[in-house]
file final_34.txt (compact mmCIF, C-alpha atoms)
# COMPACT_ATOMS: atom_id res chain seq x y z
CA MET A 735 -32.09 -11.02 17.07
CA LYS A 736 -28.70 -10.75 18.64
CA PHE A 737 -27.57 -7.28 19.51
CA ALA A 738 -24.52 -7.64 17.27
CA HIS A 739 -26.75 -8.53 14.32
CA ALA A 740 -28.97 -5.58 15.01
CA LEU A 741 -25.89 -3.38 15.08
CA VAL A 742 -24.65 -4.74 11.78
CA ILE A 743 -28.01 -4.17 10.15
CA ALA A 744 -28.32 -0.74 11.66
CA THR A 745 -24.90 0.33 10.45
CA THR A 746 -25.49 -1.20 7.01
CA PHE A 747 -28.42 1.08 6.56
CA GLY A 748 -26.62 4.05 7.98
CA ILE A 749 -28.65 4.18 11.18
CA SER A 750 -26.54 5.10 14.18
CA PRO A 751 -27.97 3.61 17.35
CA GLY A 752 -27.59 5.91 20.29
CA LEU A 753 -25.45 8.27 18.31
CA LEU A 754 -27.96 10.17 16.27
CA ALA A 755 -27.12 13.81 16.51
CA ALA A 756 -29.70 16.56 16.23
CA GLN A 757 -29.79 16.10 12.47
CA ASP A 758 -30.51 12.76 10.84
CA TYR A 759 -27.97 12.03 8.15
CA SER A 760 -29.18 8.55 7.30
CA ALA A 761 -30.84 9.52 4.02
CA ALA A 762 -27.69 11.20 2.71
CA VAL A 763 -25.47 8.34 3.88
CA LYS A 764 -27.78 5.73 2.32
CA ALA A 765 -27.86 7.69 -0.93
CA ARG A 766 -24.10 8.02 -1.22
CA GLN A 767 -23.50 4.40 -0.28
CA GLY A 768 -26.17 3.38 -2.77
CA GLN A 769 -24.41 5.39 -5.44
CA PHE A 770 -21.23 3.39 -4.84
CA ARG A 771 -23.18 0.14 -4.95
CA ILE A 772 -24.62 1.03 -8.35
CA MET A 773 -21.09 1.74 -9.47
CA ALA A 774 -19.89 -1.62 -8.11
CA LEU A 775 -22.71 -3.48 -9.86
CA ASN A 776 -21.89 -1.96 -13.23
CA LEU A 777 -18.16 -2.34 -12.73
CA GLY A 778 -18.88 -5.99 -11.97
CA VAL A 779 -20.38 -6.44 -15.43
CA LEU A 780 -17.44 -4.73 -17.14
CA GLY A 781 -14.76 -6.27 -14.92
CA GLY A 782 -16.26 -9.73 -15.34
CA MET A 783 -16.07 -9.30 -19.11
CA ALA A 784 -12.51 -7.96 -18.86
CA LYS A 785 -11.47 -10.94 -16.74
CA GLY A 786 -13.19 -13.34 -19.13
CA GLU A 787 -15.60 -14.60 -16.49
CA ILE A 788 -18.68 -13.17 -18.23
CA ALA A 789 -19.16 -13.53 -21.98
CA TYR A 790 -18.64 -10.21 -23.72
CA ASP A 791 -21.86 -8.55 -24.78
CA ALA A 792 -21.45 -5.21 -26.48
CA GLU A 793 -24.89 -3.92 -25.57
CA MET A 794 -24.62 -4.83 -21.91
CA ALA A 795 -21.08 -3.41 -21.71
CA GLU A 796 -22.29 -0.18 -23.22
CA MET A 797 -25.18 0.09 -20.77
CA ALA A 798 -22.93 -0.58 -17.78
CA ALA A 799 -20.42 2.01 -18.93
CA GLU A 800 -23.16 4.56 -19.56
CA ASN A 801 -24.48 3.98 -16.06
CA LEU A 802 -21.05 4.70 -14.63
CA GLU A 803 -20.75 7.83 -16.67
CA MET A 804 -24.19 9.01 -15.59
CA ILE A 805 -23.39 8.51 -11.94
CA SER A 806 -20.23 10.52 -12.35
CA GLU A 807 -22.43 13.40 -13.50
CA LEU A 808 -24.52 13.47 -10.33
CA HIS A 809 -23.96 16.54 -8.22
CA GLU A 810 -22.32 15.25 -5.08
CA ALA A 811 -22.96 18.05 -2.61
CA PRO A 812 -26.41 16.88 -1.39
CA LEU A 813 -24.95 13.47 -0.53
CA TRP A 814 -22.11 14.81 1.57
CA LEU A 815 -23.75 16.95 4.23
CA GLU A 816 -21.43 18.75 6.64
CA ASP A 817 -20.81 16.84 9.88
CA SER A 818 -21.53 13.43 8.37
CA SER A 819 -17.97 12.11 8.47
CA ASN A 820 -16.82 9.04 10.39
CA MET A 821 -15.81 11.38 13.21
CA ASP A 822 -19.40 12.59 13.53
CA ILE A 823 -21.61 9.55 12.95
CA GLU A 824 -21.54 5.77 12.87
CA GLY A 825 -21.99 3.72 9.74
CA THR A 826 -19.69 5.66 7.43
CA ARG A 827 -16.03 5.51 6.51
CA ALA A 828 -16.09 9.01 5.01
CA LEU A 829 -13.06 10.87 6.35
CA PRO A 830 -13.31 14.53 7.42
CA SER A 831 -10.84 15.35 4.64
CA ILE A 832 -13.79 15.13 2.22
CA TRP A 833 -14.96 18.44 3.68
CA ASP A 834 -11.61 19.84 4.82
CA GLU A 835 -10.06 19.28 1.39
CA ASN A 836 -13.25 19.44 -0.63
CA GLU A 837 -11.55 20.72 -3.78
CA ASP A 838 -9.30 17.67 -3.84
CA PHE A 839 -12.26 15.37 -3.19
CA LEU A 840 -14.21 16.88 -6.09
CA ALA A 841 -11.16 16.74 -8.36
CA LYS A 842 -10.87 13.03 -7.64
CA TRP A 843 -14.59 12.56 -8.37
CA ALA A 844 -14.06 14.44 -11.66
CA ALA A 845 -11.16 12.12 -12.49
CA PHE A 846 -13.53 9.18 -12.07
CA GLY A 847 -15.89 10.92 -14.50
CA GLU A 848 -13.19 11.30 -17.12
CA ALA A 849 -12.16 7.66 -16.81
CA ALA A 850 -15.80 6.55 -17.00
CA GLU A 851 -16.29 8.64 -20.13
CA GLN A 852 -13.31 7.01 -21.80
CA LEU A 853 -14.59 3.60 -20.80
CA GLU A 854 -17.97 4.44 -22.29
CA GLU A 855 -16.33 5.41 -25.58
CA ILE A 856 -14.75 1.97 -26.06
CA ALA A 857 -17.16 -0.30 -24.18
CA ASP A 858 -19.01 -1.55 -27.25
CA ASP A 859 -15.87 -1.85 -29.41
CA GLY A 860 -15.00 -5.34 -28.21
CA GLN A 861 -13.61 -7.14 -25.18
CA ALA A 862 -9.95 -6.40 -25.87
CA GLY A 863 -9.99 -2.79 -24.74
CA LEU A 864 -12.00 -3.31 -21.57
CA GLY A 865 -9.16 -4.40 -19.31
CA ALA A 866 -7.15 -1.22 -19.58
CA ALA A 867 -10.19 1.09 -19.47
CA VAL A 868 -11.71 -0.60 -16.42
CA GLY A 869 -8.27 -0.54 -14.81
CA ALA A 870 -8.10 3.21 -15.42
CA VAL A 871 -11.43 3.64 -13.63
CA GLY A 872 -10.15 1.49 -10.78
CA LYS A 873 -7.18 3.77 -10.41
CA THR A 874 -9.46 6.75 -9.84
CA CYS A 875 -11.43 4.78 -7.24
CA GLY A 876 -8.21 3.93 -5.42
CA ALA A 877 -6.91 7.49 -5.50
CA CYS A 878 -9.98 8.76 -3.67
CA HIS A 879 -10.17 5.83 -1.26
CA ASP A 880 -6.50 6.29 -0.39
CA ALA A 881 -7.11 9.93 0.55
CA HIS A 882 -10.68 10.13 1.78
CA ARG A 883 -11.98 6.77 3.01
CA GLN A 884 -11.09 5.11 6.28
CA PRO A 885 -9.53 1.69 5.61
CA SER A 886 -11.83 -1.18 6.50
CA SER A 887 -11.12 -2.90 9.78
CA MET B 625 3.71 -2.96 27.36
CA MET B 626 5.49 -3.10 24.04
CA ARG B 627 7.16 0.20 24.81
CA LEU B 628 8.31 -1.05 28.21
CA LEU B 629 9.76 -4.24 26.81
CA LEU B 630 11.48 -2.43 24.02
CA GLY B 631 12.82 0.12 26.44
CA LEU B 632 14.29 -2.59 28.64
CA CYS B 633 15.75 -4.25 25.62
CA VAL B 634 17.41 -1.05 24.54
CA VAL B 635 18.79 -0.22 28.00
CA GLY B 636 20.06 -3.76 28.41
CA ALA B 637 21.81 -3.47 25.14
CA GLY B 638 23.80 -0.46 26.24
CA GLY B 639 26.73 -2.79 26.88
CA ALA B 640 26.66 -3.83 23.29
CA TRP B 641 27.36 -0.26 22.19
CA VAL B 642 30.72 -1.08 20.72
CA LEU B 643 29.30 -3.82 18.57
CA THR B 644 26.65 -1.64 17.11
CA GLY B 645 28.37 0.33 14.38
CA GLY B 646 26.97 -0.13 10.86
CA GLN B 647 28.73 -2.31 8.35
CA GLN B 648 29.53 -0.80 4.96
CA LEU B 649 29.66 -2.76 1.72
CA SER B 650 32.38 -1.95 -0.80
CA ALA B 651 32.20 -2.17 -4.57
CA ASP B 652 34.01 -5.52 -4.34
CA ASP B 653 31.07 -6.98 -2.45
CA LEU B 654 28.82 -6.53 -5.49
CA ASP B 655 28.82 -8.74 -8.58
CA ILE B 656 27.83 -5.89 -10.83
CA GLN B 657 28.88 -2.25 -11.00
CA THR B 658 26.59 -0.73 -13.62
CA GLY B 659 22.85 -1.15 -13.78
CA ASP B 660 20.22 -0.78 -16.49
CA ALA B 661 17.82 2.07 -15.82
CA VAL B 662 15.06 0.59 -17.99
CA ALA B 663 15.04 -2.66 -16.02
CA GLY B 664 15.35 -0.60 -12.86
CA GLU B 665 12.01 1.09 -13.44
CA GLN B 666 10.21 -2.24 -12.94
CA ILE B 667 12.19 -2.83 -9.74
CA PHE B 668 11.26 0.65 -8.58
CA TRP B 669 7.53 0.04 -8.93
CA ALA B 670 7.70 -3.47 -7.51
CA ALA B 671 9.61 -2.17 -4.49
CA GLY B 672 7.02 0.57 -3.89
CA CYS B 673 9.58 3.34 -3.24
CA ALA B 674 7.25 6.08 -4.44
CA SER B 675 4.44 5.09 -2.07
CA CYS B 676 6.33 6.53 0.88
CA HIS B 677 8.95 8.87 -0.58
CA VAL B 678 6.78 11.07 -2.82
CA ALA B 679 5.70 14.23 -0.98
CA PRO B 680 2.21 13.74 0.47
CA GLU B 681 0.49 16.45 -1.58
CA ALA B 682 2.36 15.81 -4.82
CA GLU B 683 0.46 15.10 -8.01
CA GLU B 684 1.16 11.73 -9.59
CA THR B 685 3.78 12.04 -12.33
CA PRO B 686 5.40 9.45 -14.58
CA ALA B 687 8.80 10.31 -13.06
CA PRO B 688 8.09 10.73 -9.36
CA VAL B 689 9.88 13.35 -7.28
CA LEU B 690 11.13 11.49 -4.22
CA ALA B 691 11.23 14.57 -2.02
CA GLY B 692 10.01 12.79 1.13
CA GLY B 693 8.05 14.49 3.86
CA GLU B 694 5.20 12.04 4.44
CA ARG B 695 4.69 11.34 8.15
CA PHE B 696 4.18 7.82 9.52
CA PRO B 697 2.90 7.73 13.10
CA SER B 698 3.74 4.60 15.11
CA ASP B 699 4.02 3.31 18.67
CA PHE B 700 7.56 4.67 18.81
CA GLY B 701 6.92 8.16 17.50
CA THR B 702 6.52 9.65 14.06
CA PHE B 703 8.80 8.71 11.20
CA VAL B 704 9.19 11.18 8.34
CA ALA B 705 10.16 9.82 4.93
CA PRO B 706 13.45 11.39 3.79
CA ASN B 707 14.39 12.93 0.46
CA ILE B 708 15.85 10.14 -1.72
CA SER B 709 15.81 12.11 -4.96
CA PRO B 710 19.10 12.52 -6.87
CA ASP B 711 19.79 15.97 -5.37
CA ALA B 712 23.49 15.98 -4.42
CA ALA B 713 23.08 18.14 -1.31
CA VAL B 714 19.90 16.88 0.40
CA GLY B 715 19.07 13.71 -1.57
CA ILE B 716 21.16 10.68 -2.42
CA GLY B 717 22.77 12.04 -5.60
CA ASN B 718 26.28 11.86 -4.12
CA TRP B 719 26.05 8.25 -3.10
CA THR B 720 27.95 5.39 -4.67
CA LEU B 721 26.28 2.16 -5.75
CA ALA B 722 27.97 0.40 -2.81
CA GLU B 723 26.49 2.95 -0.39
CA PHE B 724 23.05 2.46 -1.93
CA ALA B 725 23.45 -1.31 -1.61
CA THR B 726 24.53 -0.88 2.02
CA ALA B 727 21.36 1.06 2.75
CA LEU B 728 19.09 -1.55 1.14
CA ARG B 729 20.86 -4.63 2.39
CA ASN B 730 22.19 -3.62 5.81
CA GLY B 731 20.01 -0.64 6.69
CA VAL B 732 23.08 1.57 7.17
CA SER B 733 23.65 5.09 5.84
CA PRO B 734 26.87 6.25 4.14
CA GLN B 735 27.75 7.92 7.46
CA GLY B 736 27.43 4.56 9.22
CA GLN B 737 24.13 5.37 10.95
CA HIS B 738 21.48 2.71 11.34
CA TYR B 739 18.18 3.32 9.58
CA TYR B 740 14.99 2.66 11.46
CA PRO B 741 13.15 -0.31 9.99
CA ALA B 742 10.24 1.92 8.95
CA PHE B 743 12.45 1.77 5.85
CA PRO B 744 11.76 -1.85 4.85
CA TYR B 745 15.36 -3.00 4.46
CA PRO B 746 14.53 -6.26 6.30
CA SER B 747 12.80 -7.09 2.99
CA TYR B 748 15.13 -5.29 0.58
CA THR B 749 18.03 -7.19 2.16
CA HIS B 750 16.99 -10.10 -0.11
CA MET B 751 17.42 -8.08 -3.32
CA THR B 752 19.89 -9.35 -5.91
CA ASP B 753 22.97 -7.32 -6.81
CA GLN B 754 21.59 -6.96 -10.31
CA ASP B 755 18.29 -5.49 -9.11
CA ILE B 756 20.04 -3.11 -6.70
CA ALA B 757 22.25 -1.86 -9.52
CA ASP B 758 19.31 -1.50 -11.93
CA LEU B 759 17.22 0.33 -9.33
CA TRP B 760 20.12 2.67 -8.60
CA ALA B 761 20.49 3.43 -12.32
CA PHE B 762 16.76 4.20 -12.62
CA MET B 763 16.58 6.38 -9.52
CA GLN B 764 19.32 8.61 -10.88
CA THR B 765 17.08 9.41 -13.85
CA LEU B 766 14.36 10.85 -11.59
CA PRO B 767 13.95 14.59 -10.95
CA ALA B 768 15.91 16.08 -8.03
CA SER B 769 14.22 17.93 -5.20
CA ASP B 770 16.02 20.38 -2.93
CA ALA B 771 13.53 19.90 -0.06
CA PRO B 772 15.63 18.98 3.00
CA SER B 773 14.74 15.79 4.87
CA GLN B 774 12.99 16.38 8.19
CA SER B 775 13.95 14.69 11.44
CA HIS B 776 11.95 11.78 12.82
CA GLU B 777 10.05 12.65 15.98
CA LEU B 778 10.73 9.69 18.22
CA SER B 779 10.53 9.31 21.96
CA PHE B 780 13.38 8.09 24.17
CA PRO B 781 14.85 5.46 24.00
CA PHE B 782 13.86 4.89 20.38
CA SER B 783 15.49 8.20 19.52
CA ILE B 784 18.87 6.50 19.98
CA ARG B 785 19.75 5.19 16.55
CA ARG B 786 22.29 2.75 17.91
CA SER B 787 19.47 0.87 19.56
CA VAL B 788 18.48 -0.17 16.05
CA ALA B 789 21.60 -2.34 15.90
CA VAL B 790 20.14 -4.54 18.60
CA TRP B 791 16.85 -4.69 16.77
CA LYS B 792 18.68 -5.79 13.64
CA TRP B 793 20.62 -8.42 15.53
CA MET B 794 17.29 -9.84 16.70
CA ASN B 795 15.23 -9.37 13.57
CA LEU B 796 17.16 -8.83 10.33
CA PRO B 797 16.58 -12.01 8.29
CA SER B 798 19.42 -13.79 6.57
CA ASP B 799 17.20 -15.83 4.25
CA PHE B 800 13.71 -15.86 2.78
CA HIS B 801 10.93 -16.75 5.19
CA THR B 802 9.40 -19.24 2.77
CA GLN B 803 11.92 -21.98 2.17
CA ASP B 804 10.05 -23.99 -0.45
CA ALA B 805 9.56 -22.35 -3.80
CA ASP B 806 9.52 -25.28 -6.15
CA THR B 807 8.51 -23.70 -9.43
CA PRO B 808 9.90 -20.65 -11.24
CA GLU B 809 6.54 -18.94 -10.67
CA LEU B 810 6.63 -19.54 -6.91
CA GLU B 811 10.23 -18.40 -6.80
CA ARG B 812 9.36 -15.21 -8.66
CA GLY B 813 6.36 -14.71 -6.38
CA ARG B 814 8.50 -15.15 -3.30
CA TYR B 815 11.05 -12.65 -4.56
CA LEU B 816 8.36 -10.09 -5.37
CA VAL B 817 6.48 -10.55 -2.09
CA GLU B 818 9.33 -11.05 0.36
CA ALA B 819 12.08 -8.91 -1.17
CA LEU B 820 10.67 -6.14 -3.35
CA SER B 821 7.06 -5.45 -2.44
CA HIS B 822 7.72 -6.09 1.28
CA CYS B 823 4.13 -7.27 1.90
CA ALA B 824 5.02 -8.89 5.24
CA GLU B 825 5.99 -5.54 6.75
CA CYS B 826 2.29 -4.71 7.13
CA HIS B 827 0.49 -8.05 6.70
CA THR B 828 2.46 -9.99 9.35
CA PRO B 829 1.93 -9.14 13.03
CA ARG B 830 4.89 -8.14 15.20
CA ASP B 831 6.03 -9.33 18.61
CA ALA B 832 6.84 -7.14 21.60
CA PHE B 833 10.23 -6.32 20.10
CA GLY B 834 8.86 -5.25 16.75
CA GLY B 835 9.95 -8.46 15.01
CA LEU B 836 7.69 -10.31 12.58
CA ILE B 837 5.93 -13.32 14.15
CA ALA B 838 7.02 -16.14 11.85
CA ASP B 839 4.17 -18.55 12.53
CA ARG B 840 1.58 -15.89 11.72
CA TRP B 841 3.30 -14.96 8.45
CA MET B 842 0.89 -12.78 6.39
CA GLY B 843 -1.82 -13.56 8.93
CA GLY B 844 -2.96 -9.96 9.32
CA ALA B 845 -1.97 -7.30 11.83
CA PRO B 846 -3.16 -4.08 13.44
CA ASN B 847 -2.68 -1.08 11.18
CA PRO B 848 0.47 0.63 12.52
CA THR B 849 -0.56 4.07 11.36
CA GLY B 850 -4.24 4.16 12.06
CA LYS B 851 -7.47 2.48 12.94
CA GLY B 852 -8.43 -0.96 11.79
CA ASN B 853 -6.49 -4.00 10.70
CA ILE B 854 -4.35 -5.05 7.78
CA PRO B 855 -6.01 -8.23 6.49
CA ASN B 856 -4.89 -11.84 6.71
CA ILE B 857 -3.88 -12.77 3.14
CA THR B 858 -3.14 -16.47 3.73
CA PRO B 859 -5.57 -19.15 2.52
CA GLY B 860 -6.81 -19.17 6.13
CA ALA B 861 -8.80 -16.04 5.37
CA LEU B 862 -8.37 -15.02 1.73
CA ASP B 863 -10.58 -17.33 -0.32
CA TRP B 864 -10.65 -15.39 -3.58
CA SER B 865 -9.91 -17.22 -6.83
CA ASP B 866 -6.50 -16.84 -8.47
CA THR B 867 -8.06 -14.64 -11.14
CA ASP B 868 -9.67 -12.42 -8.53
CA ILE B 869 -6.44 -11.89 -6.57
CA ALA B 870 -4.40 -11.09 -9.68
CA TYR B 871 -7.15 -8.75 -10.92
CA TYR B 872 -7.28 -6.99 -7.55
CA LEU B 873 -3.52 -6.44 -7.63
CA GLY B 874 -3.81 -4.88 -11.07
CA THR B 875 -6.96 -2.79 -10.65
CA GLY B 876 -7.78 -2.53 -6.95
CA PHE B 877 -11.18 -4.13 -7.52
CA THR B 878 -12.29 -6.79 -5.04
CA PRO B 879 -14.50 -9.65 -6.30
CA ASP B 880 -17.58 -7.57 -5.36
CA TYR B 881 -16.12 -4.45 -6.96
CA ASP B 882 -15.36 -2.48 -3.91
CA SER B 883 -11.92 -1.01 -4.40
CA ALA B 884 -8.70 -0.93 -2.43
CA GLY B 885 -8.21 2.00 -0.13
CA GLY B 886 -5.63 3.37 2.25
CA HIS B 887 -2.04 2.42 1.66
CA MET B 888 -3.09 -0.61 -0.40
CA ALA B 889 -4.45 1.71 -3.10
CA ARG B 890 -0.86 2.87 -3.61
CA VAL B 891 0.43 -0.68 -3.64
CA VAL B 892 -2.07 -1.48 -6.40
CA GLN B 893 -0.95 1.57 -8.39
CA ASN B 894 2.60 0.21 -8.26
CA LEU B 895 1.74 -3.40 -9.00
CA SER B 896 -0.49 -2.38 -11.91
CA LYS B 897 2.69 -1.23 -13.68
CA LEU B 898 4.21 -4.73 -13.57
CA PRO B 899 3.61 -7.46 -16.16
CA GLU B 900 0.57 -9.69 -15.66
CA GLU B 901 2.89 -12.66 -15.01
CA ASP B 902 4.23 -10.91 -11.91
CA ARG B 903 0.75 -10.42 -10.46
CA LYS B 904 0.08 -14.11 -11.17
CA ALA B 905 3.34 -15.05 -9.45
CA ILE B 906 2.37 -13.07 -6.35
CA THR B 907 -1.00 -14.82 -6.43
CA ALA B 908 0.64 -18.25 -6.67
CA TYR B 909 2.87 -17.39 -3.70
CA LEU B 910 -0.08 -16.25 -1.59
CA LYS B 911 -2.10 -19.35 -2.46
CA ALA B 912 0.80 -21.58 -1.42
CA LEU B 913 1.24 -19.94 2.00
CA PRO B 914 0.46 -21.99 5.10
CA ALA B 915 -3.03 -20.99 6.24
CA VAL B 916 -3.08 -18.78 9.31
CA ALA B 917 -6.36 -18.99 11.23
CA PRO B 918 -8.17 -15.67 11.43
CA SER B 919 -7.41 -14.04 14.79
CA SER B 920 -10.30 -14.07 17.23
CA ASP B 921 -10.40 -10.32 17.92
call {"tool": "encode", "arguments": {"input": "final_34.txt", "output": "structure tokens"}}
result
Amino acid sequence: MKFAHALVIATTFGISPGLLAAQDYSAAVKARQGQFRIMALNLGVLGGMAKGEIAYDAEMAEMAAENLEMISELHEAPLWLEDSSNMDIEGTRALPSIWDENEDFLAKWAAFGEAAEQLEEIADDGQAGLGAAVGAVGKTCGACHDAHRQPSS
Amino acid sequence: MMRLLLGLCVVGAGGAWVLTGGQQLSADDLDIQTGDAVAGEQIFWAAGCASCHVAPEAEETPAPVLAGGERFPSDFGTFVAPNISPDAAVGIGNWTLAEFATALRNGVSPQGQHYYPAFPYPSYTHMTDQDIADLWAFMQTLPASDAPSQSHELSFPFSIRRSVAVWKWMNLPSDFHTQDADTPELERGRYLVEALSHCAECHTPRDAFGGLIADRWMGGAPNPTGKGNIPNITPGALDWSDTDIAYYLGTGFTPDYDSAGGHMARVVQNLSKLPEEDRKAITAYLKALPAVAPSSD
């Protein structure tokens, strides 16, 4: 295995070669990145239906929206341990502002929850309403990524 | 190196001092004297004014307060967005339409000072008279802020505003970059991308003099204000479907449902307020661009 590949795999799983501090944050980083992947998967179902790429299925739309809503209800603190920002460890794009401006971070997470709840309320009512409701969720994703995630390189 | 070259350029241009005053437009230069504020709102979002001119900590409101204050670090120093709210004393409330048009088209203030091109007038210079007038009408409906504009913090010789005249002489475009726009959709896309939404300002790399490198148009560039790179959005790198690009511009969701971050999240917020046809027109323009090969680094 090439070193670069090993590095990619290591960072994908939140392992920081040569940079592990006294505390191992990999479990927390994996958990929070996993949380976002579950969100992406469910948004993919709803977005695909909104775009018209996946046939609308009320039951599946409802399940996906419920999943999003449930994730929004997870308590976030255990996933965001102090000193696990991109300034501290490899394999994360979490900016220090998550901790420095924690109230703002949590308010933005709460905004995602509200948008997910509204999406859940209309998800099984038909395809027509999905576009706007999924868009509203996307807006809350963007607001937090603008403030608290390092842009990808 | 870039700083050295630019410095030399500026010093060498000292002789051109006399030529470097800013040119003012008069009302006679414009085809239209009164704009439509309702139409202007669409121009406002397409042009992305709020992304930079809203105060950094401000909550999002339907009628943004363009108080300024956000800082933009660069190789030349830190630019601070000014107050462009309708306040008569510290904003632009006292301006005339011709002065507003002069700022957008020539990058010159009512006092004849050159604006630094952190203000994307090299794109806005392509705006139609109608759109300038409509935008002006809309901006006067926004709330005023009495927060004074702060000075830019630039290092010598970039702190000399007159040096900008030389930069303009080298870099201010007189026509669209993309010459062929054969359908109404491509023409609309070109106008949105090259004039209003000023995508090239970040997505096209710059030469040693800060000018856009024409043959790498939209081919990606280092992020001027931080780590990482602004992506190549030509068909040389961006292989998303038309639907995926238009959907991303409206929602921020990538085809694998990651979402836009950084400054692009704000761009998406603006573009999501435009009609679907506009996002499709931008998509058509991007798809028609000459492919720029991904850079090796």
call {"tool": "residues_around", "arguments": {"input": "final_34.txt", "residues": "Phe780 of chain B", "least_positions_apart": "2", "cutoff": "9 Å", "atoms": "all atoms listed in the file", "output": "MDAnalysis selection string"}}
result
chainID B and resid 631 700 778 782:784
call {"tool": "interface_residues", "arguments": {"input": "final_34.txt", "of": "chain B", "to": "chain A", "cutoff": "7 Å", "atoms": "all atoms listed in the file", "output": "ChimeraX atom specification"}}
result
/B:852-853,875-877,880-887,889,893
call {"tool": "write_last_selection", "arguments": {"input": "final_34.txt", "atoms": "C-alpha atoms", "output": "short mmCIF file (atom, residue, chain, number, x, y, z; two decimals), keeping the file's coordinate frame"}}
result
data_model
loop_
_atom_site.label_atom_id
_atom_site.label_comp_id
_atom_site.auth_asym_id
_atom_site.auth_seq_id
_atom_site.Cartn_x
_atom_site.Cartn_y
_atom_site.Cartn_z
CA GLY B 852 -8.43 -0.96 11.79
CA ASN B 853 -6.49 -4.00 10.70
CA THR B 875 -6.96 -2.79 -10.65
CA GLY B 876 -7.78 -2.53 -6.95
CA PHE B 877 -11.18 -4.13 -7.52
CA ASP B 880 -17.58 -7.57 -5.36
CA TYR B 881 -16.12 -4.45 -6.96
CA ASP B 882 -15.36 -2.48 -3.91
CA SER B 883 -11.92 -1.01 -4.40
CA ALA B 884 -8.70 -0.93 -2.43
CA GLY B 885 -8.21 2.00 -0.13
CA GLY B 886 -5.63 3.37 2.25
CA HIS B 887 -2.04 2.42 1.66
CA ALA B 889 -4.45 1.71 -3.10
CA GLN B 893 -0.95 1.57 -8.39
#
call {"tool": "atom_distance", "arguments": {"input": "final_34.txt", "atom1": "atom CA of His677 of chain B", "atom2": "atom CA of Ala870 of chain B"}}
result
25.7 Å
call {"tool": "atom_distance", "arguments": {"input": "final_34.txt", "atom1": "atom CA of Leu836 of chain B", "atom2": "atom CA of Pro918 of chain B"}}
result
16.8 Å
call {"tool": "closest_residue", "arguments": {"input": "final_34.txt", "among": "B:Phe668, B:Phe762, B:Phe800, B:Trp791", "to": "Pro741 of chain B", "atoms": "all atoms listed in the file"}}
result
B:Trp791
call {"tool": "residues_around", "arguments": {"input": "final_34.txt", "residues": "His809 of chain A", "least_positions_apart": "3", "cutoff": "12 Å", "atoms": "all atoms listed in the file", "output": "MDAnalysis selection string"}}
result
chainID A and resid 766 769 804:806 812:814 840 843:844 847
call {"tool": "atom_distance", "arguments": {"input": "final_34.txt", "atom1": "atom CA of Pro706 of chain B", "atom2": "atom CA of Phe743 of chain B"}}
result
9.9 Å
call {"tool": "closest_residue", "arguments": {"input": "final_34.txt", "among": "B:Ala725, B:Ile854, B:Ile667, B:Leu898", "to": "Asp655 of chain B", "atoms": "all atoms listed in the file"}}
result
B:Ala725
call {"tool": "axis_aligned_box", "arguments": {"input": "final_34.txt", "around": "segment 888-902 of chain B", "padding_each_side": "4 Å", "output": "lines of an AutoDock Vina configuration file"}}
result
center_x = -0.1
center_y = -4.9
center_z = -8.3
size_x = 16.7
size_y = 23.5
size_z = 23.8
call {"tool": "residues_around", "arguments": {"input": "final_34.txt", "residues": "Val788 of chain B", "least_positions_apart": "5", "cutoff": "8 Å", "atoms": "all atoms listed in the file", "output": "PyMOL selection string"}}
result
chain B and resi 738-740
call {"tool": "closest_residue", "arguments": {"input": "final_34.txt", "among": "A:Ala765, A:Leu864, A:Ala841, A:Leu808", "to": "Asp791 of chain A", "atoms": "all atoms listed in the file"}}
result
A:Leu864
